[in-house]
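To be precise, the following lines are upload34.cif, and they hold mmCIF, C-alpha atoms.
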data_my_file
loop_
_atom_site.label_atom_id
_atom_site.label_comp_id
_atom_site.auth_asym_id
_atom_site.auth_seq_id
_atom_site.Cartn_x
_atom_site.Cartn_y
_atom_site.Cartn_z
CA MET A 174 3.31 -29.49 -28.59
CA THR A 175 5.95 -31.69 -30.23
CA ALA A 176 8.97 -33.15 -28.45
CA ILE A 177 11.19 -30.62 -30.24
CA ASP A 178 8.96 -27.74 -29.14
CA HIS A 179 9.14 -29.05 -25.59
CA LEU A 180 12.97 -29.09 -25.67
CA VAL A 181 13.03 -25.55 -27.08
CA SER A 182 10.71 -24.23 -24.37
CA GLU A 183 12.79 -25.91 -21.64
CA ARG A 184 16.00 -24.45 -23.03
CA GLN A 185 14.51 -20.97 -23.26
CA ALA A 186 13.20 -21.26 -19.69
CA LEU A 187 16.73 -22.09 -18.51
CA ILE A 188 18.14 -19.18 -20.51
CA LEU A 189 15.57 -16.87 -18.92
CA SER A 190 16.50 -18.17 -15.46
CA GLU A 191 20.19 -17.44 -16.06
CA LEU A 192 19.32 -14.03 -17.48
CA HIS A 193 17.41 -13.11 -14.32
CA ALA A 194 20.23 -14.38 -12.12
CA LYS A 195 23.11 -12.65 -13.94
CA GLY A 196 21.50 -9.78 -15.86
CA ARG A 197 23.05 -10.89 -19.16
CA VAL A 198 23.83 -14.04 -21.17
CA LEU A 199 26.41 -14.78 -23.88
CA ALA A 200 25.35 -16.76 -26.95
CA GLN A 201 28.70 -18.54 -27.23
CA LYS A 202 28.58 -19.77 -23.64
CA LEU A 203 24.93 -20.83 -23.95
CA ALA A 204 25.75 -22.82 -27.07
CA ARG A 205 28.47 -24.69 -25.15
CA ASP A 206 26.25 -25.24 -22.10
CA PHE A 207 23.36 -26.67 -24.14
CA ALA A 208 25.54 -28.42 -26.75
CA VAL A 209 23.75 -26.65 -29.61
CA SER A 210 24.88 -24.26 -32.34
CA GLU A 211 25.15 -20.52 -31.81
CA ASP A 212 22.52 -20.12 -34.55
CA THR A 213 20.11 -22.13 -32.40
CA VAL A 214 20.82 -19.92 -29.40
CA ARG A 215 20.43 -16.75 -31.46
CA ARG A 216 17.05 -18.05 -32.67
CA ASP A 217 16.06 -18.66 -29.04
CA LEU A 218 17.07 -15.12 -28.11
CA ARG A 219 15.14 -13.65 -31.05
CA GLU A 220 12.00 -15.47 -29.96
CA MET A 221 12.50 -14.41 -26.33
CA ALA A 222 13.09 -10.79 -27.37
CA ALA A 223 9.87 -10.87 -29.41
CA ARG A 224 8.04 -11.85 -26.21
CA GLY A 225 9.72 -9.02 -24.30
CA GLU A 226 11.76 -11.39 -22.12
CA CYS A 227 15.17 -10.03 -23.09
CA GLU A 228 16.95 -7.31 -25.06
CA ARG A 229 19.26 -8.62 -27.75
CA VAL A 230 22.76 -7.17 -27.92
CA TYR A 231 25.88 -8.14 -29.85
CA GLY A 232 26.98 -11.56 -28.66
CA GLY A 233 24.05 -12.26 -26.35
CA ALA A 234 21.19 -10.60 -24.49
CA LEU A 235 20.38 -8.43 -21.47
CA LEU A 236 17.36 -8.13 -19.25
CA PRO A 237 14.85 -5.71 -20.80
CA ARG A 238 15.66 -2.14 -19.82
CA GLY A 239 13.21 -0.59 -17.42
CA SER A 240 12.25 -3.88 -15.79
CA THR A 241 13.08 -5.69 -12.59
CA ARG A 242 11.98 -8.88 -10.91
CA PRO A 243 9.49 -8.65 -8.02
CA LEU A 244 11.12 -8.15 -4.63
CA VAL A 245 9.32 -11.18 -3.18
CA GLU A 246 11.13 -13.39 -5.74
CA ARG A 247 14.52 -11.79 -5.14
CA ILE A 248 14.25 -12.27 -1.37
CA ALA A 249 14.10 -16.04 -1.86
CA GLU A 250 17.29 -16.16 -3.99
CA ALA A 251 20.79 -16.91 -2.66
CA PRO A 252 19.87 -16.36 1.02
CA ASP A 253 23.23 -17.63 2.34
CA ARG A 254 25.26 -15.32 0.11
CA LYS A 255 23.08 -12.34 1.01
CA ALA A 256 23.31 -13.19 4.70
CA LEU A 257 27.12 -12.89 4.53
CA LEU A 258 26.82 -9.56 2.74
CA GLY A 259 24.24 -8.45 5.28
CA ALA A 260 26.46 -9.37 8.22
CA ALA A 261 29.39 -7.40 6.79
CA ALA A 262 27.31 -4.34 5.92
CA ALA A 263 25.60 -4.33 9.32
CA THR A 264 28.97 -3.73 11.02
CA LEU A 265 29.09 -0.30 9.36
CA ILE A 266 25.86 0.91 10.99
CA GLU A 267 26.52 2.64 14.29
CA GLU A 268 24.49 3.42 17.40
CA GLY A 269 22.48 6.62 17.16
CA MET A 270 22.57 6.86 13.37
CA VAL A 271 19.68 7.95 11.18
CA VAL A 272 19.70 5.34 8.41
CA PHE A 273 17.65 5.18 5.24
CA PHE A 274 17.01 1.58 4.12
CA ASP A 275 16.21 1.47 0.42
CA ALA A 276 14.33 -1.39 -1.26
CA GLY A 277 16.36 -4.55 -1.87
CA SER A 278 16.60 -8.17 -0.88
CA THR A 279 20.20 -7.76 0.28
CA ASN A 280 19.20 -4.70 2.30
CA LEU A 281 16.66 -6.88 4.07
CA ALA A 282 19.52 -9.23 4.96
CA VAL A 283 21.42 -6.25 6.42
CA VAL A 284 18.46 -5.37 8.66
CA ARG A 285 18.20 -8.98 9.84
CA ASN A 286 21.86 -8.86 10.92
CA LEU A 287 21.57 -5.71 13.04
CA PRO A 288 21.79 -6.23 16.83
CA ALA A 289 18.26 -6.47 18.25
CA ASP A 290 19.01 -3.80 20.86
CA MET A 291 20.72 -1.28 18.56
CA HIS A 292 19.41 2.28 18.93
CA ILE A 293 18.96 3.82 15.50
CA THR A 294 16.37 5.86 13.64
CA ALA A 295 15.41 3.79 10.61
CA VAL A 296 13.70 5.31 7.60
CA THR A 297 12.39 3.09 4.81
CA ASN A 298 9.99 3.08 1.89
CA THR A 299 9.86 -0.73 1.85
CA PRO A 300 7.10 -2.61 3.76
CA ALA A 301 9.15 -5.83 3.97
CA ILE A 302 11.99 -3.97 5.70
CA ALA A 303 9.59 -2.03 7.93
CA ALA A 304 8.03 -5.33 9.05
CA GLU A 305 11.47 -6.47 10.27
CA LEU A 306 12.20 -3.21 12.09
CA VAL A 307 8.84 -2.55 13.72
CA THR A 308 9.34 -5.36 16.26
CA ARG A 309 12.57 -3.81 17.59
CA PRO A 310 11.83 -1.61 20.63
CA SER A 311 15.20 0.19 20.35
CA THR A 312 14.54 1.29 16.76
CA GLN A 313 12.61 4.44 15.95
CA LEU A 314 10.93 3.60 12.66
CA ILE A 315 9.78 6.13 10.06
CA LEU A 316 7.88 4.65 7.14
CA ILE A 317 7.75 6.58 3.88
CA GLY A 318 4.37 6.01 2.25
CA GLY A 319 2.76 6.19 -1.14
CA LYS A 320 1.75 3.72 -3.81
CA ILE A 321 3.81 0.52 -3.64
CA ASP A 322 5.44 -0.48 -6.91
CA PRO A 323 4.82 -4.26 -7.09
CA ALA A 324 8.18 -5.08 -8.73
CA VAL A 325 10.39 -2.74 -6.70
CA GLY A 326 8.44 -3.63 -3.55
CA ALA A 327 8.51 -0.07 -2.25
CA ALA A 328 6.89 3.35 -2.50
CA ILE A 329 8.68 5.42 -5.15
CA ASP A 330 5.92 7.76 -6.36
CA ALA A 331 5.53 11.53 -5.95
CA THR A 332 4.14 11.14 -2.43
CA ALA A 333 7.19 9.14 -1.38
CA LEU A 334 9.54 11.67 -2.98
CA ARG A 335 7.93 14.54 -1.07
CA GLN A 336 8.37 12.71 2.24
CA LEU A 337 11.95 11.73 1.42
CA ASP A 338 12.80 15.39 0.74
CA GLN A 339 12.34 16.14 4.45
CA ILE A 340 14.96 13.62 5.64
CA ARG A 341 18.75 13.99 5.88
CA PRO A 342 20.10 10.59 7.02
CA ASP A 343 23.62 9.89 8.25
CA LEU A 344 23.73 6.81 6.03
CA CYS A 345 21.78 5.67 2.98
CA LEU A 346 21.74 1.92 2.40
CA ILE A 347 21.02 1.92 -1.31
CA GLY A 348 19.74 -1.05 -3.30
CA ALA A 349 21.59 -0.94 -6.62
CA CYS A 350 20.61 -3.21 -9.52
CA GLY A 351 24.02 -2.84 -11.13
CA ILE A 352 27.42 -1.41 -10.16
CA THR A 353 30.19 -0.80 -12.70
CA ALA A 354 33.45 1.12 -12.76
CA ASP A 355 32.29 3.20 -15.73
CA HIS A 356 28.81 4.22 -14.59
CA GLY A 357 28.69 3.71 -10.82
CA LEU A 358 25.43 2.60 -9.22
CA ALA A 359 22.40 2.15 -11.46
CA ALA A 360 18.83 0.83 -11.42
CA ASP A 361 16.67 -1.00 -13.94
CA VAL A 362 13.52 1.10 -13.44
CA TYR A 363 13.59 4.84 -14.17
CA GLU A 364 11.28 5.88 -11.31
CA ASP A 365 13.24 3.73 -8.87
CA ALA A 366 16.49 5.35 -10.01
CA VAL A 367 15.03 8.82 -9.41
CA PHE A 368 14.04 7.85 -5.87
CA LYS A 369 17.39 6.20 -5.10
CA ARG A 370 19.30 9.19 -6.50
CA MET A 371 17.45 11.55 -4.20
CA ALA A 372 17.98 9.29 -1.17
CA ALA A 373 21.72 8.97 -1.82
CA ALA A 374 22.13 12.72 -2.40
CA ALA A 375 20.44 13.52 0.91
CA ALA A 376 22.72 11.29 3.00
CA ARG A 377 26.19 12.00 4.39
CA ARG A 378 27.42 8.59 3.24
CA THR A 379 26.10 5.81 1.02
CA LEU A 380 26.44 2.08 1.60
CA ALA A 381 25.62 -0.65 -0.92
CA ALA A 382 25.94 -4.44 -0.75
CA ALA A 383 26.19 -6.32 -4.03
CA THR A 384 26.17 -9.95 -5.09
CA ASN A 385 28.69 -10.87 -7.79
CA GLU A 386 26.22 -10.70 -10.68
CA LYS A 387 25.50 -7.03 -9.97
CA LEU A 388 29.12 -6.17 -10.76
CA THR A 389 28.56 -7.15 -14.40
CA HIS A 390 25.01 -5.87 -14.84
CA ALA A 391 24.74 -2.69 -16.89
CA ALA A 392 21.50 -1.29 -15.47
CA ALA A 393 19.92 1.41 -17.59
CA PHE A 394 19.46 4.37 -15.20
CA GLN A 395 22.25 5.91 -13.16
CA VAL A 396 21.75 6.44 -9.44
CA MET A 397 25.14 7.87 -8.48
CA PRO A 398 28.74 7.86 -9.71
CA LEU A 399 31.52 6.22 -7.73
CA SER A 400 33.01 8.48 -5.06
CA SER A 401 34.74 8.53 -1.70
CA SER A 402 31.34 8.84 0.02
CA LEU A 403 30.41 5.29 -1.09
CA THR A 404 31.23 2.06 0.72
CA LEU A 405 30.56 -1.09 -1.27
CA VAL A 406 30.28 -4.53 0.30
CA VAL A 407 31.08 -7.36 -2.13
CA GLU A 408 31.28 -11.12 -1.87
CA ALA A 409 34.54 -12.76 -0.77
CA ASP A 410 35.08 -14.25 -4.24
CA ALA A 411 34.12 -11.15 -6.24
CA ASP A 412 36.22 -10.72 -9.40
CA ALA A 413 39.45 -8.91 -8.46
CA ALA A 414 39.63 -6.81 -11.64
CA LEU A 415 36.04 -5.62 -11.32
CA VAL A 416 36.55 -4.72 -7.67
CA ALA A 417 39.81 -2.90 -8.44
CA GLY A 418 38.05 -0.83 -11.09
CA ILE A 419 35.33 0.21 -8.66
CA ALA A 420 37.87 1.00 -5.92
CA ALA A 421 39.82 3.16 -8.38
CA GLY A 422 36.73 5.36 -8.65
CA GLY A 423 37.13 6.26 -4.97
CA ALA A 424 34.76 3.82 -3.29
CA THR A 425 35.80 1.97 -0.15
CA ILE A 426 35.49 -1.81 -0.57
CA LEU A 427 34.58 -4.35 2.09
CA ARG A 428 34.77 -8.02 1.16
CA ALA A 429 32.18 -10.08 3.02
CA GLY A 430 33.09 -13.31 4.73
CA PRO A 431 33.25 -14.87 8.20
CA ALA A 432 33.25 -12.23 10.92
CA ASP A 433 36.90 -12.82 11.79
CA THR A 434 38.13 -12.46 8.20
CA ASN A 435 36.32 -9.34 6.97
CA ALA A 436 38.80 -6.70 5.85
CA LEU A 437 38.23 -3.11 4.79
CA LEU A 438 40.16 -2.16 1.68
CA LYS A 439 40.67 1.58 1.32
CA SER A 440 42.79 1.42 -1.79
CA ALA A 441 42.33 0.18 -5.32
CA THR A 442 43.87 -3.18 -4.42
CA PRO A 443 41.04 -5.80 -4.04
#
For this file, produce the structure as structure tokens.
Amino acid sequence: MTAIDHLVSERQALILSELHAKGRVLAQKLARDFAVSEDTVRRDLREMAARGECERVYGGALLPRGSTRPLVERIAEAPDRKALLGAAAATLIEEGMVVFFDAGSTNLAVVRNLPADMHITAVTNTPAIAAELVTRPSTQLILIGGKIDPAVGAAIDATALRQLDQIRPDLCLIGACGITADHGLAADVYEDAVFKRMAAAAARRTLAAATNEKLTHAAAFQVMPLSSSLTLVVEADADAALVAGIAAGGATILRAGPADTNALLKSATP
């Protein structure tokens, strides 16, 4: 491998890292960041698309549709940010509730922020979340089984769907891959979206916690539209315009932050 080839591979690895973190990249911004021409970036994106690492769109690239990163990798990312989201979302879970915990690294952070002695019935299709809950004597745990999807990190097959059909939770803590004002909550994997859609439809209310990058990620498969039955927990510095657009769809917004500064926003004003 030549020195030039080495520089190209390093640049493409950094582009791929940003793509996984944000869900999309812009050629113009990448050109500025790497101090190269936009033609060079577009060539990088063509080569990455040929390897199946991205999907080229006008002006940049997206993650390939129908793909997601393994849950074990996502758990290790941005733990402090997810812990703040988890702490805020955990305040919305009440004693005595039946709660469905969907797959998701931020949902795992929610579970870790629940009081150890809280009495709830917890239902989950995610072994990592079940492992956190099984040690809590006050929690009645119901584990939905089936074949575990290695990327999603949960059971989402026909067996899991049949078991989910028997449950009507008070609250569904959904793990959305993307949340936008136009399309609501969405997932990157079709089968995962089907499972999430069924879980959300069965519950009285839906709760989702989202890092900033999810508010700009156009995931391929819709889970549910925005509505008054959805509460969305976002980061304290989430983009005001994006949050206002989501709130205008009827969702209640909670900005995460220190416990004494969290504030529920029930209007379109972020």
Measuring between all atoms listed in the file, which one of A:Ala409, A:Ile302, A:Ala204, A:Met291 shows the shortest distance to Val271 (chain A)?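 The shortest atom-to-atom distance to Val271 (chain A) comes from A:Met291.
Nearest residue to Ala276 (chain A) among A:Val198, A:Ile340, A:Arg335, A:Asp365 is A:Asp365, counting all atoms listed in the file.
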Residue nearest Glu220 (chain A) - candidates A:Ser190, A:Leu388, A:Gln185, A:Pro252, atoms counted: only C-alpha atoms: A:Gln185
Test item: residues at most 6 Å from region 354-362 of chain A, only C-alpha atoms, excluding those fewer than 4 positions along its chain, as a list in words: Gly239, Ser240, Ala349, Cys350, Ala366, Ala392, Ala393, Phe394, Gln395, Val396, Met397, Pro398, Leu399, Gly418 and Ile419 of chain A
Please produce a file of those selected residues containing C-alpha atoms, as a short mmCIF file (atom, residue, chain, number, x, y, z; two decimals), in the coordinates of the input.
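Final output, result_12.cif:
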data_model
loop_
_atom_site.label_atom_id
_atom_site.label_comp_id
_atom_site.auth_asym_id
_atom_site.auth_seq_id
_atom_site.Cartn_x
_atom_site.Cartn_y
_atom_site.Cartn_z
CA GLY A 239 13.21 -0.59 -17.42
CA SER A 240 12.25 -3.88 -15.79
CA ALA A 349 21.59 -0.94 -6.62
CA CYS A 350 20.61 -3.21 -9.52
CA ALA A 366 16.49 5.35 -10.01
CA ALA A 392 21.50 -1.29 -15.47
CA ALA A 393 19.92 1.41 -17.59
CA PHE A 394 19.46 4.37 -15.20
CA GLN A 395 22.25 5.91 -13.16
CA VAL A 396 21.75 6.44 -9.44
CA MET A 397 25.14 7.87 -8.48
CA PRO A 398 28.74 7.86 -9.71
CA LEU A 399 31.52 6.22 -7.73
CA GLY A 418 38.05 -0.83 -11.09
CA ILE A 419 35.33 0.21 -8.66
#
Distance query region 303-314 of chain A at most 10 Å, only C-alpha atoms, self and fewer than 5 positions along chain excluded, as a list in words: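 These residues fall inside the cut-off: Gly269, Val271, Val272, Phe274, Leu281, Val284, Arg285, Leu287, Pro288, Ala289, Asp290, Met291, His292, Ile293, Thr294, Ala295, Val296, Thr297 and Asn298 of chain A.
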Of the listed residues A:Ile352, A:Ala391, A:Val367, A:Ala186, that which approaches Leu405 (chain A) most closely, counting all atoms listed in the file: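 Closest to Leu405 (chain A) of all the choices is A:Ile352.
Nearest-residue note for Ala372 (chain A): choosing from A:Ile317, A:Phe273, A:Ser400, A:Ala421, the minimum distance belongs to A:Phe273, counting all atoms listed in the file.
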Atomic separation - CA of His193 (chain A) relative to CA of Ala374 (chain A), Å: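 About the pair CA of Ala374 (chain A) and CA of His193 (chain A): they are 28.8 Å apart.
Take the candidates A:Asn385, A:Ala333, A:Ala424, A:Gly318 and check each one against Ser401 (chain A) using only C-alpha atoms; the shortest distance goes to A:Ala424.
Separating CA of Ala382 (chain A) from CA of Thr404 (chain A) is a distance of 8.5 Å.
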Rounded to one decimal place, report the CA of Val209 (chain A)-CA of Glu183 (chain A) distance in Å.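 These two atoms are separated by 13.6 Å.
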Neighbourhood query: residues within 12 Å of (17.4, -14.5, -28.2), file coordinates, counting all atoms listed in the file; return as a PyMOL selection string. chain A and resi 181+184-186+188-189+192+197-200+203-204+211-237
How would the residues just chosen look if you wrote them out with C-alpha atoms as a PDB file, keeping the file's coordinate frame?
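The resulting result-v4.pdb:
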ATOM      1  CA  VAL A 181      13.030 -25.550 -27.080  1.00  0.00           C
ATOM      2  CA  ARG A 184      16.000 -24.450 -23.030  1.00  0.00           C
ATOM      3  CA  GLN A 185      14.510 -20.970 -23.260  1.00  0.00           C
ATOM      4  CA  ALA A 186      13.200 -21.260 -19.690  1.00  0.00           C
ATOM      5  CA  ILE A 188      18.140 -19.180 -20.510  1.00  0.00           C
ATOM      6  CA  LEU A 189      15.570 -16.870 -18.920  1.00  0.00           C
ATOM      7  CA  LEU A 192      19.320 -14.030 -17.480  1.00  0.00           C
ATOM      8  CA  ARG A 197      23.050 -10.890 -19.160  1.00  0.00           C
ATOM      9  CA  VAL A 198      23.830 -14.040 -21.170  1.00  0.00           C
ATOM     10  CA  LEU A 199      26.410 -14.780 -23.880  1.00  0.00           C
ATOM     11  CA  ALA A 200      25.350 -16.760 -26.950  1.00  0.00           C
ATOM     12  CA  LEU A 203      24.930 -20.830 -23.950  1.00  0.00           C
ATOM     13  CA  ALA A 204      25.750 -22.820 -27.070  1.00  0.00           C
ATOM     14  CA  GLU A 211      25.150 -20.520 -31.810  1.00  0.00           C
ATOM     15  CA  ASP A 212      22.520 -20.120 -34.550  1.00  0.00           C
ATOM     16  CA  THR A 213      20.110 -22.130 -32.400  1.00  0.00           C
ATOM     17  CA  VAL A 214      20.820 -19.920 -29.400  1.00  0.00           C
ATOM     18  CA  ARG A 215      20.430 -16.750 -31.460  1.00  0.00           C
ATOM     19  CA  ARG A 216      17.050 -18.050 -32.670  1.00  0.00           C
ATOM     20  CA  ASP A 217      16.060 -18.660 -29.040  1.00  0.00           C
ATOM     21  CA  LEU A 218      17.070 -15.120 -28.110  1.00  0.00           C
ATOM     22  CA  ARG A 219      15.140 -13.650 -31.050  1.00  0.00           C
ATOM     23  CA  GLU A 220      12.000 -15.470 -29.960  1.00  0.00           C
ATOM     24  CA  MET A 221      12.500 -14.410 -26.330  1.00  0.00           C
ATOM     25  CA  ALA A 222      13.090 -10.790 -27.370  1.00  0.00           C
ATOM     26  CA  ALA A 223       9.870 -10.870 -29.410  1.00  0.00           C
ATOM     27  CA  ARG A 224       8.040 -11.850 -26.210  1.00  0.00           C
ATOM     28  CA  GLY A 225       9.720  -9.020 -24.300  1.00  0.00           C
ATOM     29  CA  GLU A 226      11.760 -11.390 -22.120  1.00  0.00           C
ATOM     30  CA  CYS A 227      15.170 -10.030 -23.090  1.00  0.00           C
ATOM     31  CA  GLU A 228      16.950  -7.310 -25.060  1.00  0.00           C
ATOM     32  CA  ARG A 229      19.260  -8.620 -27.750  1.00  0.00           C
ATOM     33  CA  VAL A 230      22.760  -7.170 -27.920  1.00  0.00           C
ATOM     34  CA  TYR A 231      25.880  -8.140 -29.850  1.00  0.00           C
ATOM     35  CA  GLY A 232      26.980 -11.560 -28.660  1.00  0.00           C
ATOM     36  CA  GLY A 233      24.050 -12.260 -26.350  1.00  0.00           C
ATOM     37  CA  ALA A 234      21.190 -10.600 -24.490  1.00  0.00           C
ATOM     38  CA  LEU A 235      20.380  -8.430 -21.470  1.00  0.00           C
ATOM     39  CA  LEU A 236      17.360  -8.130 -19.250  1.00  0.00           C
ATOM     40  CA  PRO A 237      14.850  -5.710 -20.800  1.00  0.00           C
TER      41      PRO A 237
END
Please return the centre and edge lengths, in Å to one decimal, of a box with edges along x, y and z that contains all listed atoms of region 257-273 of chain A, widened by 4 Å on every side, as AutoDock Vina command-line options.
--center_x 23.5 --center_y -2.5 --center_z 10.1 --size_x 19.7 --size_y 28.8 --size_z 22.7
Using all atoms listed in the file, which protein or nucleic acid residues come within 8 Å of Lys255 (chain A)? Drop anything in the same chain fewer than 4 positions from it, and give the result as an MDAnalysis selection string. chainID A and resid 251 259 278:279 282 384
